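Everything below belongs to target.csv, which stores CSV, C-alpha atoms and all ligand atoms.
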```csv
chain,number,residue,atom,x,y,z
U,1,MET,CA,155.7,94.6,71.9
U,2,GLU,CA,157.7,92.0,73.7
U,3,THR,CA,156.6,91.0,77.2
U,4,HIS,CA,159.5,90.2,79.5
U,5,VAL,CA,157.7,87.8,81.9
U,6,GLY,CA,160.8,86.3,83.4
U,7,HIS,CA,162.3,89.8,84.0
U,8,GLU,CA,159.1,91.0,85.8
U,9,ARG,CA,159.0,87.9,87.9
U,10,SER,CA,162.6,88.5,89.1
U,11,VAL,CA,161.7,92.1,90.0
U,12,GLY,CA,158.5,91.0,91.9
U,13,THR,CA,160.1,88.1,93.8
U,14,PRO,CA,162.5,89.1,96.5
U,15,SER,CA,165.7,87.1,97.0
U,16,HIS,CA,165.7,84.8,100.0
U,17,ALA,CA,168.0,87.2,102.0
U,18,SER,CA,165.9,90.3,101.3
U,19,PHE,CA,162.6,88.4,102.1
U,20,HIS,CA,164.1,87.4,105.4
U,21,ARG,CA,165.1,91.0,106.1
U,22,LEU,CA,161.6,92.3,105.2
U,23,SER,CA,159.8,89.8,107.4
U,24,SER,CA,161.9,90.3,110.4
U,25,GLN,CA,161.4,94.1,110.1
U,26,MET,CA,157.7,93.5,110.0
U,27,GLU,CA,158.0,91.3,113.1
U,28,ALA,CA,159.7,94.1,115.0
U,29,HIS,CA,156.9,96.4,113.8
U,30,GLN,CA,154.3,94.1,115.2
U,31,ASN,CA,156.2,93.7,118.5
U,32,ASP,CA,155.4,97.4,119.2
U,33,ILE,CA,151.7,96.4,119.5
U,34,GLU,CA,150.5,95.9,123.0
U,35,GLN,CA,147.0,94.5,122.2
U,36,VAL,CA,145.0,93.8,119.1
U,37,LEU,CA,141.6,95.4,119.5
U,38,ILE,CA,140.1,94.5,116.2
U,39,THR,CA,141.4,91.5,114.2
U,40,GLU,CA,141.8,91.4,110.5
U,41,GLU,CA,139.0,88.9,110.2
U,42,GLN,CA,136.6,91.1,112.2
U,43,ILE,CA,137.4,94.1,110.1
U,44,GLN,CA,136.9,92.2,106.8
U,45,GLN,CA,133.7,90.6,108.0
U,46,LYS,CA,132.1,93.9,109.0
U,47,ILE,CA,133.2,95.6,105.8
U,48,ALA,CA,131.5,92.9,103.7
U,49,GLU,CA,128.3,93.5,105.7
U,50,VAL,CA,128.4,97.3,105.4
U,51,GLY,CA,129.3,96.9,101.7
U,52,GLU,CA,126.0,95.0,101.2
U,53,GLN,CA,124.1,97.6,103.0
U,54,LEU,CA,125.6,100.4,101.0
U,55,SER,CA,125.0,98.5,97.7
U,56,ALA,CA,121.3,98.4,98.6
U,57,ASP,CA,121.1,102.0,100.0
U,58,TYR,CA,122.8,103.6,97.0
U,59,GLU,CA,121.3,101.6,94.2
U,60,GLY,CA,120.4,103.8,91.3
U,61,ARG,CA,122.2,106.8,92.8
U,62,ASP,CA,125.2,108.6,91.6
U,63,LEU,CA,127.7,107.7,94.5
U,64,LEU,CA,130.8,109.6,95.3
U,65,LEU,CA,133.1,108.3,98.0
U,66,VAL,CA,135.1,111.0,99.7
U,67,GLY,CA,138.0,109.7,101.7
U,68,VAL,CA,139.7,111.6,104.4
U,69,LEU,CA,143.5,111.2,104.0
U,70,LYS,CA,145.6,109.8,105.1
U,71,GLY,CA,144.0,107.5,107.6
U,72,ALA,CA,141.0,106.3,105.5
U,73,PHE,CA,142.8,105.1,102.5
U,74,VAL,CA,143.1,101.4,103.5
U,75,PHE,CA,139.5,101.2,104.7
U,76,MET,CA,138.2,103.0,101.7
U,77,ALA,CA,140.0,100.7,99.3
U,78,ASP,CA,138.6,97.6,101.0
U,79,LEU,CA,135.1,99.0,101.5
U,80,SER,CA,134.7,100.2,97.9
U,81,ARG,CA,135.4,96.7,96.6
U,82,HIS,CA,132.4,95.4,98.6
U,83,VAL,CA,130.0,98.0,97.1
U,84,ARG,CA,128.6,96.5,93.9
U,85,LEU,CA,127.7,99.8,92.3
U,86,PRO,CA,129.5,102.2,89.9
U,87,MET,CA,131.1,105.0,91.9
U,88,GLU,CA,133.6,107.7,91.8
U,89,PHE,CA,136.3,108.7,94.3
U,90,ASP,CA,137.7,111.9,95.6
U,91,PHE,CA,139.9,112.8,98.6
U,92,MET,CA,140.5,115.5,101.2
U,93,ALA,CA,143.4,115.8,103.4
U,94,VAL,CA,143.1,117.5,106.8
U,95,SER,CA,145.7,118.2,109.5
U,96,SER,CA,146.1,115.4,112.0
U,97,TYR,CA,147.8,115.0,115.3
U,98,GLY,CA,151.3,114.7,113.8
U,99,ALA,CA,153.3,112.7,116.2
U,100,ALA,CA,151.1,113.6,119.2
U,101,THR,CA,148.2,111.5,120.4
U,102,GLN,CA,145.8,114.3,121.5
U,103,THR,CA,143.5,116.3,119.2
U,104,SER,CA,144.3,120.0,119.0
U,105,GLY,CA,140.8,120.8,117.9
U,106,VAL,CA,142.1,122.8,115.0
U,107,VAL,CA,141.3,121.4,111.6
U,108,ARG,CA,143.2,122.6,108.6
U,109,ILE,CA,142.4,121.5,105.0
U,110,LEU,CA,145.6,120.4,103.4
U,111,LYS,CA,144.0,119.2,100.2
U,112,ASP,CA,140.6,120.0,99.0
U,113,LEU,CA,138.4,117.9,96.7
U,114,ASP,CA,139.3,117.8,93.0
U,115,HIS,CA,135.7,118.1,91.8
U,116,GLU,CA,132.4,119.8,92.7
U,117,ILE,CA,129.9,117.8,94.7
U,118,LEU,CA,126.8,119.9,93.9
U,119,GLY,CA,123.9,117.4,93.4
U,120,ARG,CA,126.0,114.3,94.1
U,121,HIS,CA,125.4,111.6,96.7
U,122,VAL,CA,128.4,111.9,98.9
U,123,LEU,CA,129.6,109.3,101.3
U,124,LEU,CA,132.3,110.6,103.5
U,125,VAL,CA,134.7,107.8,104.6
U,126,GLU,CA,136.6,108.4,107.9
U,127,ASP,CA,139.0,106.1,109.7
U,128,ILE,CA,138.1,107.1,113.3
U,129,VAL,CA,135.9,109.6,115.2
U,130,ASP,CA,137.5,110.7,118.4
U,131,SER,CA,136.4,114.2,119.6
U,132,GLY,CA,134.3,114.5,116.4
U,133,LEU,CA,135.8,117.9,115.7
U,134,THR,CA,137.3,116.9,112.4
U,135,LEU,CA,134.2,115.3,111.1
U,136,SER,CA,132.0,118.1,112.3
U,137,TYR,CA,134.1,120.6,110.5
U,138,LEU,CA,134.2,118.6,107.3
U,139,LEU,CA,130.4,118.0,107.3
U,140,LYS,CA,129.7,121.7,107.8
U,141,ASN,CA,132.2,122.6,105.0
U,142,LEU,CA,130.8,120.0,102.6
U,143,ARG,CA,127.2,120.9,103.2
U,144,THR,CA,127.8,124.4,102.0
U,145,ARG,CA,128.6,122.8,98.6
U,146,ARG,CA,125.0,121.5,98.3
U,147,PRO,CA,125.4,117.7,97.6
U,148,ALA,CA,122.2,115.8,97.0
U,149,SER,CA,123.0,113.8,100.1
U,150,LEU,CA,125.8,113.6,102.6
U,151,GLU,CA,126.4,110.6,104.9
U,152,VAL,CA,129.3,109.3,106.9
U,153,CYS,CA,130.9,105.8,107.0
U,154,ALA,CA,133.4,105.6,109.9
U,155,LEU,CA,135.5,102.5,110.6
U,156,MET,CA,135.6,103.3,114.3
U,157,GLN,CA,134.2,105.7,116.9
U,158,LYS,CA,135.6,106.1,120.4
U,159,THR,CA,133.0,106.0,123.1
U,160,GLY,CA,132.3,108.8,125.5
U,161,VAL,CA,134.7,111.4,124.2
U,162,GLN,CA,132.7,113.0,121.5
U,163,GLN,CA,132.5,116.8,122.0
U,164,VAL,CA,130.0,117.6,119.2
U,165,PRO,CA,126.7,115.8,118.3
U,166,LEU,CA,127.2,113.9,115.0
U,167,ASP,CA,125.0,111.7,112.9
U,168,ILE,CA,127.1,108.8,111.7
U,169,LYS,CA,124.9,106.5,109.6
U,170,TYR,CA,127.4,103.7,109.0
U,171,ARG,CA,129.8,103.0,111.9
U,172,LEU,CA,131.6,99.7,111.9
U,173,PHE,CA,133.2,99.5,115.4
U,174,GLU,CA,133.0,101.3,118.7
U,175,ILE,CA,136.2,101.2,120.7
U,176,PRO,CA,137.2,102.5,124.1
U,177,SER,CA,139.0,105.9,124.3
U,178,VAL,CA,142.5,104.7,123.7
U,179,PHE,CA,145.0,105.6,121.0
U,180,VAL,CA,145.1,103.0,118.3
U,181,VAL,CA,147.2,102.2,115.2
U,182,GLY,CA,146.9,100.0,112.2
U,183,TYR,CA,144.6,99.6,109.2
U,184,GLY,CA,145.4,103.1,108.0
U,185,LEU,CA,145.9,104.7,111.4
U,186,ASP,CA,149.4,105.9,112.3
U,187,TYR,CA,151.6,107.0,115.1
U,188,GLY,CA,154.2,109.3,113.6
U,189,GLU,CA,153.3,108.0,110.1
U,190,ARG,CA,154.1,104.4,111.1
U,191,PHE,CA,151.9,101.3,111.5
U,192,ARG,CA,149.3,102.2,108.8
U,193,ASN,CA,149.9,99.0,106.9
U,194,LEU,CA,149.1,96.6,109.8
U,195,PRO,CA,146.0,94.6,108.7
U,196,PHE,CA,144.5,94.9,112.3
U,197,VAL,CA,143.8,97.7,114.8
U,198,GLY,CA,145.7,97.7,118.1
U,199,THR,CA,147.2,99.7,120.9
U,200,LEU,CA,151.0,100.5,121.2
U,201,ARG,CA,153.3,99.5,124.0
U,202,PRO,CA,154.1,102.4,126.3
U,203,GLU,CA,157.8,102.1,125.4
U,204,VAL,CA,157.0,103.2,121.8
U,205,TYR,CA,155.8,106.6,123.1
U,206,ARG,CA,158.7,106.9,125.5
U,207,ASP,CA,161.2,106.1,122.8
U,208,ALA,CA,159.6,108.7,120.5
U,209,VAL,CA,160.1,111.6,123.0
U,210,SER,CA,163.6,110.6,124.2
A,1,LIG,P1,138.8,114.0,116.1
A,1,LIG,O1,138.7,115.3,115.4
A,1,LIG,O2,139.2,114.1,117.5
A,1,LIG,O3,137.5,113.2,116.0
A,1,LIG,O4,140.0,113.1,115.4
A,1,LIG,C1,139.9,112.6,114.2
A,1,LIG,C2,141.2,112.3,113.5
A,1,LIG,O5,142.3,112.2,114.5
A,1,LIG,C3,141.1,111.0,112.8
A,1,LIG,O6,140.7,111.1,111.5
A,1,LIG,C4,142.6,110.5,112.9
A,1,LIG,O7,143.3,111.0,111.8
A,1,LIG,C5,143.1,111.1,114.2
A,1,LIG,N1,142.9,110.1,115.3
A,1,LIG,C6,142.0,110.1,116.3
A,1,LIG,N2,142.2,109.1,117.2
A,1,LIG,C7,143.2,108.4,116.7
A,1,LIG,C8,143.9,107.2,117.1
A,1,LIG,O8,143.5,106.6,118.1
A,1,LIG,N3,144.9,106.8,116.4
A,1,LIG,C9,145.4,107.5,115.3
A,1,LIG,N4,144.8,108.6,114.8
A,1,LIG,C10,143.7,109.1,115.5
```
Could you show the structure in this file as structure tokens?
Amino acid sequence: METHVGHERSVGTPSHASFHRLSSQMEAHQNDIEQVLITEEQIQQKIAEVGEQLSADYEGRDLLLVGVLKGAFVFMADLSRHVRLPMEFDFMAVSSYGAATQTSGVVRILKDLDHEILGRHVLLVEDIVDSGLTLSYLLKNLRTRRPASLEVCALMQKTGVQQVPLDIKYRLFEIPSVFVVGYGLDYGERFRNLPFVGTLRPEVYRDAVS
């Protein structure tokens, strides 16, 4: 079969005008950020360290990464590539805040796992632990399915706001109790693709309600 290299290249490379449009839109996006709390370099450095730790801890075990959608998809993709072991992936989707910034305490499963986890070594990958209600519910639910082991790897945990005791074996960052976006986390479905974690300018919330 013929390979149309030239054609593929013209699809993948934006024209100068469209590239300019894309980058200025991205700039406007980043201007909504008030403060960068965790830089891209800090995130990547920590992920490499935890990846090493997981590679050692799960050696010889049948590892299944379970990502909590949508927030964990960016973290999970980067993390998994630093774990030098064979592994499988599955995902759950749970209800999030929507466009609000406060937890409702009500957790709803929107998408369950595709496969059984009986006898598997499950590592639950979460973006952020705030009140801990989501994680607590998920752990309780997954335990009833009798995995061989069940641990949590959370990118961030907010300090001093947890409402339930939780055992988080792998936690990369502790942050103050503020609403953050980026690196998978959203506000009204935006900002997930920022490579860092930051807070939003107050105008962004004001503009959203007006
Ligand atoms: P928790 O049940 O209060 O621990 O909240 C956990 C879930 O709420 C996370 O998985 C996120 O989807 C969402 N969440 C909590 N804090 C933030 C935040 O600061 N920014 C964006 N989403 C958040």
Test item: residues no farther than 8 Å from ligand LIG 1 (chain A), counting all atoms listed in the file, as a PDB file with C-alpha atoms, in the frame of the given file:
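File produced: out_1.pdb:
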```pdb
ATOM      1  CA  VAL U  68     139.700 111.600 104.400  1.00  0.00           C
ATOM      2  CA  LEU U  69     143.500 111.200 104.000  1.00  0.00           C
ATOM      3  CA  LYS U  70     145.600 109.800 105.100  1.00  0.00           C
ATOM      4  CA  GLY U  71     144.000 107.500 107.600  1.00  0.00           C
ATOM      5  CA  ALA U  72     141.000 106.300 105.500  1.00  0.00           C
ATOM      6  CA  SER U  95     145.700 118.200 109.500  1.00  0.00           C
ATOM      7  CA  SER U  96     146.100 115.400 112.000  1.00  0.00           C
ATOM      8  CA  TYR U  97     147.800 115.000 115.300  1.00  0.00           C
ATOM      9  CA  THR U 101     148.200 111.500 120.400  1.00  0.00           C
ATOM     10  CA  GLN U 102     145.800 114.300 121.500  1.00  0.00           C
ATOM     11  CA  THR U 103     143.500 116.300 119.200  1.00  0.00           C
ATOM     12  CA  SER U 104     144.300 120.000 119.000  1.00  0.00           C
ATOM     13  CA  GLY U 105     140.800 120.800 117.900  1.00  0.00           C
ATOM     14  CA  VAL U 107     141.300 121.400 111.600  1.00  0.00           C
ATOM     15  CA  GLU U 126     136.600 108.400 107.900  1.00  0.00           C
ATOM     16  CA  ASP U 127     139.000 106.100 109.700  1.00  0.00           C
ATOM     17  CA  ILE U 128     138.100 107.100 113.300  1.00  0.00           C
ATOM     18  CA  VAL U 129     135.900 109.600 115.200  1.00  0.00           C
ATOM     19  CA  ASP U 130     137.500 110.700 118.400  1.00  0.00           C
ATOM     20  CA  SER U 131     136.400 114.200 119.600  1.00  0.00           C
ATOM     21  CA  GLY U 132     134.300 114.500 116.400  1.00  0.00           C
ATOM     22  CA  LEU U 133     135.800 117.900 115.700  1.00  0.00           C
ATOM     23  CA  THR U 134     137.300 116.900 112.400  1.00  0.00           C
ATOM     24  CA  LEU U 135     134.200 115.300 111.100  1.00  0.00           C
ATOM     25  CA  SER U 136     132.000 118.100 112.300  1.00  0.00           C
ATOM     26  CA  LYS U 158     135.600 106.100 120.400  1.00  0.00           C
ATOM     27  CA  GLN U 162     132.700 113.000 121.500  1.00  0.00           C
ATOM     28  CA  SER U 177     139.000 105.900 124.300  1.00  0.00           C
ATOM     29  CA  VAL U 178     142.500 104.700 123.700  1.00  0.00           C
ATOM     30  CA  PHE U 179     145.000 105.600 121.000  1.00  0.00           C
ATOM     31  CA  VAL U 180     145.100 103.000 118.300  1.00  0.00           C
ATOM     32  CA  VAL U 181     147.200 102.200 115.200  1.00  0.00           C
ATOM     33  CA  LEU U 185     145.900 104.700 111.400  1.00  0.00           C
ATOM     34  CA  ASP U 186     149.400 105.900 112.300  1.00  0.00           C
ATOM     35  CA  TYR U 187     151.600 107.000 115.100  1.00  0.00           C
TER      36      TYR U 187
END
```
Find, counting all atoms listed in the file, the residue in U:Arg145, U:His29, U:Arg192, U:Arg61 that gets nearest to U:Phe75. U:Arg192
What separation in Å, quoted to one decimal, exists between atom CA of U:Gly188 and atom CA of U:Met156?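 Atom CA of U:Met156 lies at a distance of 19.6 Å from atom CA of U:Gly188.
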Show me the residues close to (125.2, 104.4, 104.0) - anything with an atom within 10 Å, counting only C-alpha atoms - and format the list as a PDB file with C-alpha atoms, in the frame of the given file.
```pdb
ATOM      1  CA  VAL U  50     128.400  97.300 105.400  1.00  0.00           C
ATOM      2  CA  GLY U  51     129.300  96.900 101.700  1.00  0.00           C
ATOM      3  CA  GLU U  52     126.000  95.000 101.200  1.00  0.00           C
ATOM      4  CA  GLN U  53     124.100  97.600 103.000  1.00  0.00           C
ATOM      5  CA  LEU U  54     125.600 100.400 101.000  1.00  0.00           C
ATOM      6  CA  SER U  55     125.000  98.500  97.700  1.00  0.00           C
ATOM      7  CA  ALA U  56     121.300  98.400  98.600  1.00  0.00           C
ATOM      8  CA  ASP U  57     121.100 102.000 100.000  1.00  0.00           C
ATOM      9  CA  TYR U  58     122.800 103.600  97.000  1.00  0.00           C
ATOM     10  CA  VAL U 122     128.400 111.900  98.900  1.00  0.00           C
ATOM     11  CA  LEU U 123     129.600 109.300 101.300  1.00  0.00           C
ATOM     12  CA  LEU U 124     132.300 110.600 103.500  1.00  0.00           C
ATOM     13  CA  LEU U 150     125.800 113.600 102.600  1.00  0.00           C
ATOM     14  CA  GLU U 151     126.400 110.600 104.900  1.00  0.00           C
ATOM     15  CA  VAL U 152     129.300 109.300 106.900  1.00  0.00           C
ATOM     16  CA  CYS U 153     130.900 105.800 107.000  1.00  0.00           C
ATOM     17  CA  ILE U 168     127.100 108.800 111.700  1.00  0.00           C
ATOM     18  CA  LYS U 169     124.900 106.500 109.600  1.00  0.00           C
ATOM     19  CA  TYR U 170     127.400 103.700 109.000  1.00  0.00           C
ATOM     20  CA  ARG U 171     129.800 103.000 111.900  1.00  0.00           C
TER      21      ARG U 171
END
```
Fewer than 4 positions away in the same chain doesn't count, so skip those; otherwise give me all residues within 8 Å of U:Glu34, counting all atoms listed in the file, as a list in words. Gly198, Thr199, Leu200 and Arg201 of chain U
Nearest to U:Phe196, chosen from U:Ile38, U:Val164, U:Gln45, U:Asp78, with all atoms listed in the file counted in the distances: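 Of the candidates, the smallest distance to U:Phe196 is held by U:Ile38.
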Given only C-alpha atoms as the basis, pick out the residue of U:Arg81, U:Arg190, U:Lys46, U:Arg120 nearest to U:Phe173.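 Selected residue with least distance to U:Phe173: U:Lys46.
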